[in-house]
file coords-v2.cif (mmCIF, N, CA and C atoms)
data_target
loop_
_atom_site.group_PDB
_atom_site.id
_atom_site.type_symbol
_atom_site.label_atom_id
_atom_site.label_comp_id
_atom_site.auth_asym_id
_atom_site.auth_seq_id
_atom_site.Cartn_x
_atom_site.Cartn_y
_atom_site.Cartn_z
ATOM 1 N N MET A 265 -0.700 -9.548 8.177
ATOM 2 C CA MET A 265 0.331 -8.803 7.500
ATOM 3 C C MET A 265 1.688 -9.474 7.757
ATOM 4 N N GLU A 266 2.414 -9.717 6.702
ATOM 5 C CA GLU A 266 3.742 -10.310 6.815
ATOM 6 C C GLU A 266 4.772 -9.198 6.946
ATOM 7 N N THR A 267 5.687 -9.363 7.879
ATOM 8 C CA THR A 267 6.735 -8.354 8.046
ATOM 9 C C THR A 267 8.093 -8.986 7.812
ATOM 10 N N ASN A 268 9.004 -8.181 7.330
ATOM 11 C CA ASN A 268 10.343 -8.697 7.087
ATOM 12 C C ASN A 268 11.327 -8.298 8.181
ATOM 13 N N ASN A 269 10.944 -7.321 9.025
ATOM 14 C CA ASN A 269 11.774 -6.858 10.132
ATOM 15 C C ASN A 269 13.214 -6.567 9.727
ATOM 16 N N GLN A 270 13.385 -6.074 8.523
ATOM 17 C CA GLN A 270 14.717 -5.739 8.047
ATOM 18 C C GLN A 270 14.624 -4.498 7.174
ATOM 19 N N VAL A 271 15.429 -3.528 7.490
ATOM 20 C CA VAL A 271 15.449 -2.282 6.736
ATOM 21 C C VAL A 271 16.602 -2.354 5.747
ATOM 22 N N ILE A 272 16.354 -1.903 4.508
ATOM 23 C CA ILE A 272 17.428 -1.965 3.515
ATOM 24 C C ILE A 272 18.575 -1.049 3.956
ATOM 25 N N PRO A 273 19.813 -1.414 3.640
ATOM 26 C CA PRO A 273 20.981 -0.670 4.131
ATOM 27 C C PRO A 273 20.964 0.826 3.815
ATOM 28 N N GLU A 274 20.481 1.198 2.637
ATOM 29 C CA GLU A 274 20.450 2.621 2.273
ATOM 30 C C GLU A 274 19.596 3.419 3.255
ATOM 31 N N LEU A 275 18.458 2.853 3.641
ATOM 32 C CA LEU A 275 17.593 3.556 4.589
ATOM 33 C C LEU A 275 18.209 3.585 5.976
ATOM 34 N N LEU A 276 18.874 2.512 6.373
ATOM 35 C CA LEU A 276 19.554 2.518 7.668
ATOM 36 C C LEU A 276 20.562 3.658 7.729
ATOM 37 N N GLU A 277 21.301 3.832 6.651
ATOM 38 C CA GLU A 277 22.316 4.881 6.605
ATOM 39 C C GLU A 277 21.670 6.263 6.665
ATOM 40 N N MET A 278 20.600 6.463 5.911
ATOM 41 C CA MET A 278 19.945 7.777 5.879
ATOM 42 C C MET A 278 19.299 8.117 7.215
ATOM 43 N N THR A 279 18.686 7.137 7.868
ATOM 44 C CA THR A 279 17.963 7.432 9.100
ATOM 45 C C THR A 279 18.891 7.661 10.284
ATOM 46 N N LYS A 280 20.179 7.405 10.123
ATOM 47 C CA LYS A 280 21.124 7.731 11.189
ATOM 48 C C LYS A 280 21.213 9.236 11.389
ATOM 49 N N LEU A 281 20.644 9.987 10.464
ATOM 50 C CA LEU A 281 20.632 11.439 10.583
ATOM 51 C C LEU A 281 19.585 11.911 11.589
ATOM 52 N N THR A 282 18.676 11.043 11.978
ATOM 53 C CA THR A 282 17.598 11.452 12.873
ATOM 54 C C THR A 282 17.893 11.064 14.312
ATOM 55 N N VAL A 283 17.278 11.781 15.238
ATOM 56 C CA VAL A 283 17.434 11.500 16.659
ATOM 57 C C VAL A 283 16.763 10.184 17.019
ATOM 58 N N HIS A 284 15.682 9.868 16.357
ATOM 59 C CA HIS A 284 14.886 8.689 16.684
ATOM 60 C C HIS A 284 15.141 7.562 15.689
ATOM 61 N N GLU A 285 16.383 7.314 15.384
ATOM 62 C CA GLU A 285 16.771 6.320 14.372
ATOM 63 C C GLU A 285 16.175 4.940 14.650
ATOM 64 N N THR A 286 16.286 4.441 15.870
ATOM 65 C CA THR A 286 15.825 3.088 16.185
ATOM 66 C C THR A 286 14.321 2.965 15.983
ATOM 67 N N PHE A 287 13.554 3.923 16.494
ATOM 68 C CA PHE A 287 12.100 3.883 16.356
ATOM 69 C C PHE A 287 11.700 3.950 14.883
ATOM 70 N N LEU A 288 12.324 4.863 14.141
ATOM 71 C CA LEU A 288 12.004 5.018 12.724
ATOM 72 C C LEU A 288 12.318 3.742 11.952
ATOM 73 N N ASN A 289 13.485 3.173 12.186
ATOM 74 C CA ASN A 289 13.854 1.952 11.477
ATOM 75 C C ASN A 289 12.939 0.789 11.827
ATOM 76 N N ASN A 290 12.489 0.718 13.064
ATOM 77 C CA ASN A 290 11.551 -0.328 13.458
ATOM 78 C C ASN A 290 10.223 -0.162 12.722
ATOM 79 N N GLU A 291 9.742 1.064 12.650
ATOM 80 C CA GLU A 291 8.496 1.326 11.927
ATOM 81 C C GLU A 291 8.626 0.949 10.455
ATOM 82 N N ILE A 292 9.747 1.309 9.854
ATOM 83 C CA ILE A 292 9.985 0.990 8.448
ATOM 84 C C ILE A 292 10.013 -0.519 8.248
ATOM 85 N N ALA A 293 10.749 -1.214 9.103
ATOM 86 C CA ALA A 293 10.913 -2.660 8.956
ATOM 87 C C ALA A 293 9.609 -3.416 9.160
ATOM 88 N N VAL A 294 8.807 -2.975 10.117
ATOM 89 C CA VAL A 294 7.580 -3.701 10.448
ATOM 90 C C VAL A 294 6.476 -3.434 9.435
ATOM 91 N N HIS A 295 6.402 -2.219 8.940
ATOM 92 C CA HIS A 295 5.248 -1.839 8.124
ATOM 93 C C HIS A 295 5.492 -1.782 6.625
ATOM 94 N N LEU A 296 6.737 -1.818 6.198
ATOM 95 C CA LEU A 296 7.011 -1.698 4.770
ATOM 96 C C LEU A 296 7.823 -2.882 4.267
ATOM 97 N N GLY A 297 7.447 -3.376 3.100
ATOM 98 C CA GLY A 297 8.220 -4.427 2.455
ATOM 99 C C GLY A 297 9.414 -3.826 1.730
ATOM 100 N N LYS A 298 10.255 -4.671 1.185
ATOM 101 C CA LYS A 298 11.469 -4.211 0.489
ATOM 102 C C LYS A 298 11.142 -3.253 -0.656
ATOM 103 N N LYS A 299 10.106 -3.561 -1.414
ATOM 104 C CA LYS A 299 9.744 -2.719 -2.562
ATOM 105 C C LYS A 299 9.354 -1.316 -2.099
ATOM 106 N N GLU A 300 8.541 -1.251 -1.044
ATOM 107 C CA GLU A 300 8.117 0.045 -0.514
ATOM 108 C C GLU A 300 9.291 0.797 0.111
ATOM 109 N N GLN A 301 10.191 0.055 0.760
ATOM 110 C CA GLN A 301 11.372 0.694 1.349
ATOM 111 C C GLN A 301 12.231 1.328 0.252
ATOM 112 N N LYS A 302 12.404 0.622 -0.834
ATOM 113 C CA LYS A 302 13.208 1.163 -1.934
ATOM 114 C C LYS A 302 12.554 2.396 -2.538
ATOM 115 N N ARG A 303 11.231 2.370 -2.668
ATOM 116 C CA ARG A 303 10.522 3.535 -3.195
ATOM 117 C C ARG A 303 10.670 4.717 -2.233
ATOM 118 N N MET A 304 10.558 4.436 -0.949
ATOM 119 C CA MET A 304 10.715 5.475 0.053
ATOM 120 C C MET A 304 12.136 6.030 0.031
ATOM 121 N N TYR A 305 13.110 5.161 -0.134
ATOM 122 C CA TYR A 305 14.507 5.594 -0.199
ATOM 123 C C TYR A 305 14.723 6.537 -1.376
ATOM 124 N N ARG A 306 14.173 6.176 -2.537
ATOM 125 C CA ARG A 306 14.319 7.044 -3.707
ATOM 126 C C ARG A 306 13.692 8.415 -3.436
ATOM 127 N N THR A 307 12.510 8.407 -2.833
ATOM 128 C CA THR A 307 11.825 9.662 -2.536
ATOM 129 C C THR A 307 12.624 10.498 -1.541
ATOM 130 N N MET A 308 13.125 9.852 -0.488
ATOM 131 C CA MET A 308 13.923 10.564 0.511
ATOM 132 C C MET A 308 15.172 11.163 -0.123
ATOM 133 N N ARG A 309 15.821 10.417 -0.993
ATOM 134 C CA ARG A 309 17.035 10.900 -1.655
ATOM 135 C C ARG A 309 16.719 12.122 -2.523
ATOM 136 N N GLU A 310 15.606 12.067 -3.254
ATOM 137 C CA GLU A 310 15.207 13.205 -4.087
ATOM 138 C C GLU A 310 14.909 14.432 -3.230
ATOM 139 N N LEU A 311 14.202 14.224 -2.135
ATOM 140 C CA LEU A 311 13.877 15.344 -1.253
ATOM 141 C C LEU A 311 15.131 15.941 -0.630
ATOM 142 N N LEU A 312 16.047 15.092 -0.197
ATOM 143 C CA LEU A 312 17.288 15.594 0.386
ATOM 144 C C LEU A 312 18.111 16.364 -0.638
ATOM 145 N N THR A 313 18.133 15.887 -1.856
ATOM 146 C CA THR A 313 18.866 16.581 -2.918
ATOM 147 C C THR A 313 18.276 17.967 -3.135
ATOM 148 N N ASP A 314 16.948 18.032 -3.250
ATOM 149 C CA ASP A 314 16.286 19.323 -3.439
ATOM 150 C C ASP A 314 16.561 20.259 -2.271
ATOM 151 N N GLU A 315 16.539 19.716 -1.065
ATOM 152 C CA GLU A 315 16.769 20.535 0.121
ATOM 153 C C GLU A 315 18.207 21.046 0.166
ATOM 154 N N LEU A 316 19.164 20.192 -0.192
ATOM 155 C CA LEU A 316 20.564 20.619 -0.216
ATOM 156 C C LEU A 316 20.789 21.722 -1.239
ATOM 157 N N VAL A 317 20.188 21.596 -2.405
ATOM 158 C CA VAL A 317 20.318 22.630 -3.437
ATOM 159 C C VAL A 317 19.735 23.938 -2.929
ATOM 160 N N PHE A 318 18.585 23.885 -2.277
ATOM 161 C CA PHE A 318 17.956 25.086 -1.739
ATOM 162 C C PHE A 318 18.863 25.764 -0.709
ATOM 163 N N VAL A 319 19.397 24.975 0.223
ATOM 164 C CA VAL A 319 20.258 25.533 1.269
ATOM 165 C C VAL A 319 21.523 26.131 0.670
ATOM 166 N N LEU A 320 22.117 25.431 -0.285
ATOM 167 C CA LEU A 320 23.319 25.970 -0.934
ATOM 168 C C LEU A 320 23.031 27.289 -1.644
ATOM 169 N N ASN A 321 21.916 27.343 -2.364
ATOM 170 C CA ASN A 321 21.547 28.588 -3.048
ATOM 171 C C ASN A 321 21.316 29.720 -2.053
ATOM 172 N N LEU A 322 20.683 29.407 -0.943
ATOM 173 C CA LEU A 322 20.429 30.401 0.095
ATOM 174 C C LEU A 322 21.737 30.910 0.684
ATOM 175 N N GLU A 323 22.658 30.010 0.962
ATOM 176 C CA GLU A 323 23.952 30.407 1.505
ATOM 177 C C GLU A 323 24.747 31.259 0.522
ATOM 178 N N VAL A 324 24.724 30.910 -0.749
ATOM 179 C CA VAL A 324 25.420 31.707 -1.766
ATOM 180 C C VAL A 324 24.803 33.094 -1.850
ATOM 181 N N THR A 325 23.494 33.176 -1.854
ATOM 182 C CA THR A 325 22.804 34.467 -1.891
ATOM 183 C C THR A 325 23.169 35.305 -0.685
ATOM 184 N N ASN A 326 23.164 34.701 0.497
ATOM 185 C CA ASN A 326 23.536 35.429 1.722
ATOM 186 C C ASN A 326 24.976 35.904 1.679
ATOM 187 N N ALA A 327 25.865 35.062 1.186
ATOM 188 C CA ALA A 327 27.274 35.456 1.086
ATOM 189 C C ALA A 327 27.464 36.622 0.122
ATOM 190 N N ARG A 328 26.748 36.587 -0.993
ATOM 191 C CA ARG A 328 26.842 37.684 -1.972
ATOM 192 C C ARG A 328 26.303 38.988 -1.396
ATOM 193 N N SER A 329 25.212 38.900 -0.635
ATOM 194 C CA SER A 329 24.618 40.110 -0.080
ATOM 195 C C SER A 329 25.501 40.695 1.021
ATOM 196 N N ARG A 330 26.245 39.866 1.739
ATOM 197 C CA ARG A 330 27.167 40.373 2.762
ATOM 198 C C ARG A 330 28.350 41.092 2.142
ATOM 199 N N LYS A 331 28.770 40.648 0.959
ATOM 200 C CA LYS A 331 29.900 41.276 0.279
ATOM 201 C C LYS A 331 29.508 42.648 -0.277
ATOM 202 N N GLY A 332 28.233 42.837 -0.461
ATOM 203 C CA GLY A 332 27.742 44.126 -0.888
ATOM 204 C C GLY A 332 27.517 44.206 -2.308
#
call {"tool": "encode", "arguments": {"input": "coords-v2.cif", "output": "structure tokens"}}
result
Amino acid sequence: METNNQVIPELLEMTKLTVHETFLNNEIAVHLGKKEQKRMYRTMRELLTDELVFVLNLEVTNARSRKG
């Protein structure tokens, strides 16, 4: 298996959100090629977007219910 040992910048930026950034980035770099990293980045971005929308909707609902 050929490894590139380099994580694309977008993934480096996103994984800084995790406690285990170094381990995660090493796993990504060793086991995934650039094409797979980009696909993973797109998927992560979509999931984060969906999660942010969910949290925002939940917060708005909670705020409305507190107002009565």
call {"tool": "atom_distance", "arguments": {"input": "coords-v2.cif", "atom1": "atom N of Val271 (chain A)", "atom2": "CA of Gln301 (chain A)"}}
result
8.5 Å
call {"tool": "atom_distance", "arguments": {"input": "coords-v2.cif", "atom1": "atom C of Thr279 (chain A)", "atom2": "atom N of Glu291 (chain A)"}}
result
11.5 Å
call {"tool": "select_by_dssp", "arguments": {"input": "coords-v2.cif", "residues": "chain A", "states": "alpha helix (DSSP H)", "output": "ChimeraX atom specification"}}
result
/A:273-279,285-295,298-331
call {"tool": "write_last_selection", "arguments": {"input": "coords-v2.cif", "atoms": "N, CA and C atoms", "output": "short mmCIF file (atom, residue, chain, number, x, y, z; two decimals), keeping the file's coordinate frame"}}
result
data_model
loop_
_atom_site.label_atom_id
_atom_site.label_comp_id
_atom_site.auth_asym_id
_atom_site.auth_seq_id
_atom_site.Cartn_x
_atom_site.Cartn_y
_atom_site.Cartn_z
N PRO A 273 19.81 -1.41 3.64
CA PRO A 273 20.98 -0.67 4.13
C PRO A 273 20.96 0.83 3.82
N GLU A 274 20.48 1.20 2.64
CA GLU A 274 20.45 2.62 2.27
C GLU A 274 19.60 3.42 3.26
N LEU A 275 18.46 2.85 3.64
CA LEU A 275 17.59 3.56 4.59
C LEU A 275 18.21 3.58 5.98
N LEU A 276 18.87 2.51 6.37
CA LEU A 276 19.55 2.52 7.67
C LEU A 276 20.56 3.66 7.73
N GLU A 277 21.30 3.83 6.65
CA GLU A 277 22.32 4.88 6.60
C GLU A 277 21.67 6.26 6.66
N MET A 278 20.60 6.46 5.91
CA MET A 278 19.94 7.78 5.88
C MET A 278 19.30 8.12 7.22
N THR A 279 18.69 7.14 7.87
CA THR A 279 17.96 7.43 9.10
C THR A 279 18.89 7.66 10.28
N GLU A 285 16.38 7.31 15.38
CA GLU A 285 16.77 6.32 14.37
C GLU A 285 16.18 4.94 14.65
N THR A 286 16.29 4.44 15.87
CA THR A 286 15.82 3.09 16.18
C THR A 286 14.32 2.96 15.98
N PHE A 287 13.55 3.92 16.49
CA PHE A 287 12.10 3.88 16.36
C PHE A 287 11.70 3.95 14.88
N LEU A 288 12.32 4.86 14.14
CA LEU A 288 12.00 5.02 12.72
C LEU A 288 12.32 3.74 11.95
N ASN A 289 13.48 3.17 12.19
CA ASN A 289 13.85 1.95 11.48
C ASN A 289 12.94 0.79 11.83
N ASN A 290 12.49 0.72 13.06
CA ASN A 290 11.55 -0.33 13.46
C ASN A 290 10.22 -0.16 12.72
N GLU A 291 9.74 1.06 12.65
CA GLU A 291 8.50 1.33 11.93
C GLU A 291 8.63 0.95 10.46
N ILE A 292 9.75 1.31 9.85
CA ILE A 292 9.98 0.99 8.45
C ILE A 292 10.01 -0.52 8.25
N ALA A 293 10.75 -1.21 9.10
CA ALA A 293 10.91 -2.66 8.96
C ALA A 293 9.61 -3.42 9.16
N VAL A 294 8.81 -2.98 10.12
CA VAL A 294 7.58 -3.70 10.45
C VAL A 294 6.48 -3.43 9.44
N HIS A 295 6.40 -2.22 8.94
CA HIS A 295 5.25 -1.84 8.12
C HIS A 295 5.49 -1.78 6.62
N LYS A 298 10.26 -4.67 1.18
CA LYS A 298 11.47 -4.21 0.49
C LYS A 298 11.14 -3.25 -0.66
N LYS A 299 10.11 -3.56 -1.41
CA LYS A 299 9.74 -2.72 -2.56
C LYS A 299 9.35 -1.32 -2.10
N GLU A 300 8.54 -1.25 -1.04
CA GLU A 300 8.12 0.04 -0.51
C GLU A 300 9.29 0.80 0.11
N GLN A 301 10.19 0.06 0.76
CA GLN A 301 11.37 0.69 1.35
C GLN A 301 12.23 1.33 0.25
N LYS A 302 12.40 0.62 -0.83
CA LYS A 302 13.21 1.16 -1.93
C LYS A 302 12.55 2.40 -2.54
N ARG A 303 11.23 2.37 -2.67
CA ARG A 303 10.52 3.54 -3.20
C ARG A 303 10.67 4.72 -2.23
N MET A 304 10.56 4.44 -0.95
CA MET A 304 10.72 5.48 0.05
C MET A 304 12.14 6.03 0.03
N TYR A 305 13.11 5.16 -0.13
CA TYR A 305 14.51 5.59 -0.20
C TYR A 305 14.72 6.54 -1.38
N ARG A 306 14.17 6.18 -2.54
CA ARG A 306 14.32 7.04 -3.71
C ARG A 306 13.69 8.41 -3.44
N THR A 307 12.51 8.41 -2.83
CA THR A 307 11.82 9.66 -2.54
C THR A 307 12.62 10.50 -1.54
N MET A 308 13.12 9.85 -0.49
CA MET A 308 13.92 10.56 0.51
C MET A 308 15.17 11.16 -0.12
N ARG A 309 15.82 10.42 -0.99
CA ARG A 309 17.04 10.90 -1.66
C ARG A 309 16.72 12.12 -2.52
N GLU A 310 15.61 12.07 -3.25
CA GLU A 310 15.21 13.20 -4.09
C GLU A 310 14.91 14.43 -3.23
N LEU A 311 14.20 14.22 -2.13
CA LEU A 311 13.88 15.34 -1.25
C LEU A 311 15.13 15.94 -0.63
N LEU A 312 16.05 15.09 -0.20
CA LEU A 312 17.29 15.59 0.39
C LEU A 312 18.11 16.36 -0.64
N THR A 313 18.13 15.89 -1.86
CA THR A 313 18.87 16.58 -2.92
C THR A 313 18.28 17.97 -3.14
N ASP A 314 16.95 18.03 -3.25
CA ASP A 314 16.29 19.32 -3.44
C ASP A 314 16.56 20.26 -2.27
N GLU A 315 16.54 19.72 -1.06
CA GLU A 315 16.77 20.54 0.12
C GLU A 315 18.21 21.05 0.17
N LEU A 316 19.16 20.19 -0.19
CA LEU A 316 20.56 20.62 -0.22
C LEU A 316 20.79 21.72 -1.24
N VAL A 317 20.19 21.60 -2.40
CA VAL A 317 20.32 22.63 -3.44
C VAL A 317 19.74 23.94 -2.93
N PHE A 318 18.58 23.88 -2.28
CA PHE A 318 17.96 25.09 -1.74
C PHE A 318 18.86 25.76 -0.71
N VAL A 319 19.40 24.98 0.22
CA VAL A 319 20.26 25.53 1.27
C VAL A 319 21.52 26.13 0.67
N LEU A 320 22.12 25.43 -0.28
CA LEU A 320 23.32 25.97 -0.93
C LEU A 320 23.03 27.29 -1.64
N ASN A 321 21.92 27.34 -2.36
CA ASN A 321 21.55 28.59 -3.05
C ASN A 321 21.32 29.72 -2.05
N LEU A 322 20.68 29.41 -0.94
CA LEU A 322 20.43 30.40 0.10
C LEU A 322 21.74 30.91 0.68
N GLU A 323 22.66 30.01 0.96
CA GLU A 323 23.95 30.41 1.50
C GLU A 323 24.75 31.26 0.52
N VAL A 324 24.72 30.91 -0.75
CA VAL A 324 25.42 31.71 -1.77
C VAL A 324 24.80 33.09 -1.85
N THR A 325 23.49 33.18 -1.85
CA THR A 325 22.80 34.47 -1.89
C THR A 325 23.17 35.30 -0.68
N ASN A 326 23.16 34.70 0.50
CA ASN A 326 23.54 35.43 1.72
C ASN A 326 24.98 35.90 1.68
N ALA A 327 25.86 35.06 1.19
CA ALA A 327 27.27 35.46 1.09
C ALA A 327 27.46 36.62 0.12
N ARG A 328 26.75 36.59 -0.99
CA ARG A 328 26.84 37.68 -1.97
C ARG A 328 26.30 38.99 -1.40
N SER A 329 25.21 38.90 -0.64
CA SER A 329 24.62 40.11 -0.08
C SER A 329 25.50 40.70 1.02
N ARG A 330 26.24 39.87 1.74
CA ARG A 330 27.17 40.37 2.76
C ARG A 330 28.35 41.09 2.14
N LYS A 331 28.77 40.65 0.96
CA LYS A 331 29.90 41.28 0.28
C LYS A 331 29.51 42.65 -0.28
#
call {"tool": "closest_residue", "arguments": {"input": "coords-v2.cif", "among": "A:Leu320, A:Gly332, A:Asp314, A:Gly297", "to": "Ile272 (chain A)", "atoms": "all atoms listed in the file"}}
result
A:Gly297
call {"tool": "atom_distance", "arguments": {"input": "coords-v2.cif", "atom1": "atom C of Gln270 (chain A)", "atom2": "CA of Arg303 (chain A)"}}
result
13.7 Å
call {"tool": "decode", "arguments": {"input": "coords-v2.cif", "residues": "region 312-322 of chain A", "atoms": "all heavy atoms", "output": "compact mmCIF listing (two decimals), in the first residue's frame"}}
result
# COMPACT_ATOMS: atom_id res chain seq x y z
N LEU A 312 -21.62 18.02 9.22
CA LEU A 312 -21.53 19.16 10.14
C LEU A 312 -22.61 20.19 9.84
O LEU A 312 -23.19 20.77 10.77
CB LEU A 312 -20.14 19.79 10.07
CG LEU A 312 -19.03 19.02 10.78
CD1 LEU A 312 -17.67 19.64 10.46
CD2 LEU A 312 -19.26 18.97 12.28
N THR A 313 -22.88 20.42 8.58
CA THR A 313 -23.93 21.37 8.20
C THR A 313 -25.27 20.90 8.74
O THR A 313 -26.02 21.67 9.35
CB THR A 313 -23.98 21.52 6.67
OG1 THR A 313 -22.72 21.99 6.22
CG2 THR A 313 -25.07 22.49 6.26
N ASP A 314 -25.58 19.62 8.51
CA ASP A 314 -26.84 19.07 9.01
C ASP A 314 -26.93 19.17 10.52
O ASP A 314 -27.98 19.50 11.08
CB ASP A 314 -27.00 17.61 8.58
CG ASP A 314 -27.23 17.44 7.10
OD1 ASP A 314 -27.55 18.44 6.42
OD2 ASP A 314 -27.08 16.31 6.60
N GLU A 315 -25.83 18.90 11.19
CA GLU A 315 -25.82 18.94 12.65
C GLU A 315 -26.00 20.37 13.16
O GLU A 315 -26.73 20.61 14.12
CB GLU A 315 -24.50 18.37 13.18
CG GLU A 315 -24.54 18.04 14.64
CD GLU A 315 -23.36 17.21 15.08
OE1 GLU A 315 -22.91 16.34 14.31
OE2 GLU A 315 -22.90 17.44 16.20
N LEU A 316 -25.36 21.33 12.51
CA LEU A 316 -25.52 22.73 12.90
C LEU A 316 -26.96 23.20 12.72
O LEU A 316 -27.51 23.89 13.59
CB LEU A 316 -24.57 23.63 12.11
CG LEU A 316 -23.11 23.55 12.52
CD1 LEU A 316 -22.25 24.31 11.51
CD2 LEU A 316 -22.91 24.10 13.91
N VAL A 317 -27.58 22.82 11.63
CA VAL A 317 -28.98 23.19 11.39
C VAL A 317 -29.86 22.58 12.47
O VAL A 317 -30.74 23.26 13.01
CB VAL A 317 -29.43 22.74 9.97
CG1 VAL A 317 -30.94 22.85 9.82
CG2 VAL A 317 -28.72 23.55 8.91
N PHE A 318 -29.63 21.33 12.82
CA PHE A 318 -30.41 20.67 13.86
C PHE A 318 -30.27 21.41 15.20
O PHE A 318 -31.26 21.70 15.88
CB PHE A 318 -29.98 19.22 14.02
CG PHE A 318 -30.60 18.53 15.19
CD1 PHE A 318 -31.92 18.11 15.14
CD2 PHE A 318 -29.88 18.32 16.35
CE1 PHE A 318 -32.51 17.49 16.23
CE2 PHE A 318 -30.46 17.70 17.44
CZ PHE A 318 -31.78 17.29 17.37
N VAL A 319 -29.03 21.72 15.58
CA VAL A 319 -28.79 22.40 16.86
C VAL A 319 -29.43 23.78 16.86
O VAL A 319 -30.05 24.18 17.86
CB VAL A 319 -27.27 22.47 17.15
CG1 VAL A 319 -26.98 23.38 18.34
CG2 VAL A 319 -26.72 21.08 17.40
N LEU A 320 -29.29 24.50 15.76
CA LEU A 320 -29.92 25.83 15.69
C LEU A 320 -31.44 25.75 15.82
O LEU A 320 -32.06 26.53 16.55
CB LEU A 320 -29.54 26.53 14.40
CG LEU A 320 -28.11 27.05 14.33
CD1 LEU A 320 -27.78 27.52 12.92
CD2 LEU A 320 -27.91 28.17 15.33
N ASN A 321 -32.04 24.79 15.13
CA ASN A 321 -33.49 24.61 15.23
C ASN A 321 -33.91 24.26 16.65
O ASN A 321 -34.92 24.75 17.15
CB ASN A 321 -33.98 23.54 14.25
CG ASN A 321 -34.04 24.04 12.83
OD1 ASN A 321 -34.25 25.22 12.60
ND2 ASN A 321 -33.85 23.15 11.88
N LEU A 322 -33.14 23.42 17.30
CA LEU A 322 -33.42 23.02 18.67
C LEU A 322 -33.33 24.22 19.61
O LEU A 322 -34.20 24.43 20.46
CB LEU A 322 -32.45 21.93 19.11
CG LEU A 322 -32.68 21.29 20.47
CD1 LEU A 322 -34.03 20.60 20.50
CD2 LEU A 322 -31.56 20.30 20.76
